[in-house]
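First the structure, in the form of structure tokens, and then the observations on it.
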Amino acid sequence: MGSISKKCVGLIFGGKSNEHFVSITSAQAIFRALNSKQNKKFFNLKTFYISREGKWFSHERSILILKNKLNIKEFELEETYKPKNLIEILNVKEIDVWFPILHGFNGEDGTIQGLLKFTQKPFISSGILGSAICMDKITSKLLFANLKIPQVNYLPLQNYDPNNTNELQNIIKKVNAKLNFPLFIKPSNSGSSLGISKINNIKELPIALKKAWEIDKRIIIEEGLNVRELECGIIGKNNLHPSEVGEVECKSEWYDYESKYELENKLTIPALIDKNIRDQIQTFAIEGCKALNVEVFARVDFFLEKGTNKIYLNEINTIPGFTDKSMFPLLWKPLGLDIDQLVAKLINIVIES
Ligand SMILES: Nc1ncnc2c1ncn2[C@@H]1O[C@H](COP(=O)(O)OP(=O)(O)O)[C@@H](O)[C@H]1O
Ligand SMILES: [Mg+2]
């Protein structure tokens with residue numbers, strides 16, 4: 001019997017974004033999955049760590065982080081390392097498929113996707129366009145609106161200037177005419193809830209706008225609803241398939257930066273919802289991904305308004321958290337895919353297409 005020709009996966013992790021440590025934990029989970037008894041027969045691995053300063057490291061150094069043999073601080077202090085230059089790294093001949101498990105800026109926004117396109121090897125992620133659109137809340141919302149996918153009421157600010165008092169007065173008028181309090185003020189391009197404020201009256205608006213503006217001049221003002229938070233995964237290339245729908249509950253009032261990373265959140269999979277709500281969420285998840293050119297894998301986040309049971313699409317995350325405890329991998333378990341099988345499936349989806 002001839003030996004199976006193994007596919008080599010280039011796992012890129014870390015990165016300059018504020019989600020650096022989540023990326024490492026996600027990469028460790030994928031590393032374990034690729035080393036499962038079954039997957040080892042089919043896949044080899046090369047790893048590429050990007051430090052918080054944006055330096056790339058060779059496989060030999062990067063793997064130590066995934067094996068927990070070197071902590072990040074020691075790594076960054078080490079003086080002997082010789083980071084290879086980017087072109088050299090990306091020219092690695094043996095890579096068959098890239099897996100950039102980089103959350104947030106530079107990873108989820110089309111940047112790394114553009115770079116990987118040059119290597120002419122497939123990658124496990126949406127392409128440049130879908131990735132970039134999903135990072136921008138204003139653009140995403142305009143496209144969802146086109147398809148009449150339900151969204152909370154919002155007001156986009158394209159180029160906010162915090163020093164222009166006339167502009168502020170105009171915004172206040174529009175807010176009063178269009179939206180009900182409480183409001184969520186968000187930078188259009190962000191993530192992890194950074195720069196987001198919840199405000200209960202108009203007096204709080206200037207400070208909230210300033211906070212968002214520090215991250216992005218494009219800002220979105222949204223009507224805040226009393227909601228349950230439901231999430232649905234998708235995988236596929238030409239045909240997208242939805243996962244089970246899950247619910248995330250956090251201890252704080254809303255899912256802010258601290259509650260995303262510091263507290264244990266409660267995940268319920270499948271979410272305790274009516275079948276018709278589940279069906280609609282799965283349908284909107286697929287429609288939303290198609291509208292924004294999202295493929296391979298993603299997590300689509302919804303609000304279910306308490307009381308009315310109305311569904312609203314909130315956002316699509318194109319490189320969702322992939323740790324053992326993350327919603328995305330857990331959403332596939334009821335469909336018979338554990339994390340090992342899910343990782344193998346994602347690789348095969350991009351290799352075969
Ligand atoms: N319109 C809204 N109504 C109620 N809660 C909201 C609303 N917008 C945001 N939130 C809360 O804020 C969190 C972060 O908002 P989100 O738009 O998902 O930003 P990010 O892209 O940073 O995750 C949500 O998970 C939810 O808890
Ligand atoms: Mg979110």
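Identifiers in this document derive from the order of the structure tokens: chains are assigned A, B, ..., residues are numbered from 1 separately in each chain, and ligands are numbered from 1 in order of occurrence.
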
Interface rows for chain A against ligand 2: nearest pair, Å to one decimal, 8 Å, only C-alpha atoms and all ligand atoms, as a tab-separated table:
residue	atom	partner	partner_atom_place_in_ligand_line	distance
A:Gly191	CA	ligand 2	1 (Mg)	6.8
A:Ser192	CA	ligand 2	1 (Mg)	6.6
A:Ser193	CA	ligand 2	1 (Mg)	6.6
A:Tyr255	CA	ligand 2	1 (Mg)	7.8
A:Asp301	CA	ligand 2	1 (Mg)	6.8
A:Asn314	CA	ligand 2	1 (Mg)	7.4
A:Glu315	CA	ligand 2	1 (Mg)	6.5
A:Asn317	CA	ligand 2	1 (Mg)	7.7

Can I get the selection written as an mmCIF file, in the first residue's frame, with C-alpha atoms?
data_model
loop_
_atom_site.group_PDB
_atom_site.id
_atom_site.type_symbol
_atom_site.label_atom_id
_atom_site.label_comp_id
_atom_site.auth_asym_id
_atom_site.auth_seq_id
_atom_site.Cartn_x
_atom_site.Cartn_y
_atom_site.Cartn_z
ATOM 1 C CA GLY A 191 -13.919 44.272 17.652
ATOM 2 C CA SER A 192 -13.938 42.805 21.155
ATOM 3 C CA SER A 193 -16.360 45.616 22.113
ATOM 4 C CA TYR A 255 -21.111 41.771 26.348
ATOM 5 C CA ASP A 301 -24.308 36.883 15.732
ATOM 6 C CA ASN A 314 -25.917 41.992 14.582
ATOM 7 C CA GLU A 315 -22.656 41.076 12.860
ATOM 8 C CA ASN A 317 -17.199 37.363 12.584
#

Original post:
Quick one: residues within 7 Å of ligand 1, with only C-alpha atoms and all ligand atoms, as a list in words?
Top reply: Val152, Leu183, Phe184, Ser190, Gly191, Ser192, Ser193, Leu194, Glu222, Glu223, Gly224, Leu225, Asn226, Val227, Glu229, Trp254, Tyr255, Asp256, Asn314 and Glu315 of chain A

**OP:** Can you work out the spacing between atom CA of Glu108 of chain A and atom CA of Ala132 of chain A in Å, to one decimal?
**Re:** 7.4 Å

**OP:** Quick one: pick out all strand (DSSP E or B) residues within segment 214-306 of chain A from a backbone DSSP run and write them as a VMD selection string.
**Re:** chain A and resid 219 to 223 227 to 236 240 to 249 266 to 268 296 to 305

**OP:** Determine, counting only C-alpha atoms, which protein, DNA and RNA residues have an atom within 7 Å of an atom of segment 23-39 of chain A; residues of the same chain fewer than 3 positions away are not included. Present the result as an MDAnalysis selection string.
**Re:** chainID A and resid 13:14 19:20 42:43 66 101:103 321:324 339:340 343:344

Deliver the residues from the most recent selection as a file, using C-alpha atoms, as a tab-separated table (two decimals), in the first residue's frame.
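selection.tsv, freshly written:
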chain	number	residue	atom	x	y	z
A	13	PHE	CA	-1.30	32.98	14.94
A	14	GLY	CA	-0.69	35.76	17.47
A	19	GLU	CA	-6.98	39.68	20.47
A	20	HIS	CA	-3.40	38.34	20.44
A	42	PHE	CA	-3.40	13.23	6.88
A	43	PHE	CA	-1.81	16.49	7.95
A	66	LEU	CA	1.85	26.15	20.97
A	101	ILE	CA	-6.20	32.08	13.03
A	102	LEU	CA	-5.74	35.80	13.68
A	103	HIS	CA	-8.66	37.65	15.24
A	321	GLY	CA	-12.72	32.34	18.47
A	322	PHE	CA	-11.56	28.75	18.03
A	323	THR	CA	-10.57	27.68	21.53
A	324	ASP	CA	-11.95	24.48	23.11
A	339	ILE	CA	-13.12	20.04	16.92
A	340	ASP	CA	-10.73	17.49	15.31
A	343	VAL	CA	-10.55	21.33	11.52
A	344	ALA	CA	-10.10	18.48	9.01

Subject >> Polymer residues at most 10 Å from Lys41 of chain A, only C-alpha atoms, same-chain spacing of 6 or more positions, as a list in words >> reply: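 The filter keeps Ser3, Ile4, Ser5, Lys6, Lys7, Leu34 and Asn35 of chain A.
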
For those residues, write C-alpha atoms to a file as a PDB file, in the first residue's frame.
ATOM      1  CA  SER A   3       1.589   5.983   1.836  1.00  0.00           C
ATOM      2  CA  ILE A   4      -0.938   8.786   1.908  1.00  0.00           C
ATOM      3  CA  SER A   5       0.496  12.091   0.797  1.00  0.00           C
ATOM      4  CA  LYS A   6       0.007  14.357   3.768  1.00  0.00           C
ATOM      5  CA  LYS A   7      -1.177  17.936   3.376  1.00  0.00           C
ATOM      6  CA  LEU A  34      -4.213  18.483  13.942  1.00  0.00           C
ATOM      7  CA  ASN A  35      -2.231  16.162  16.217  1.00  0.00           C
TER       8      ASN A  35
END
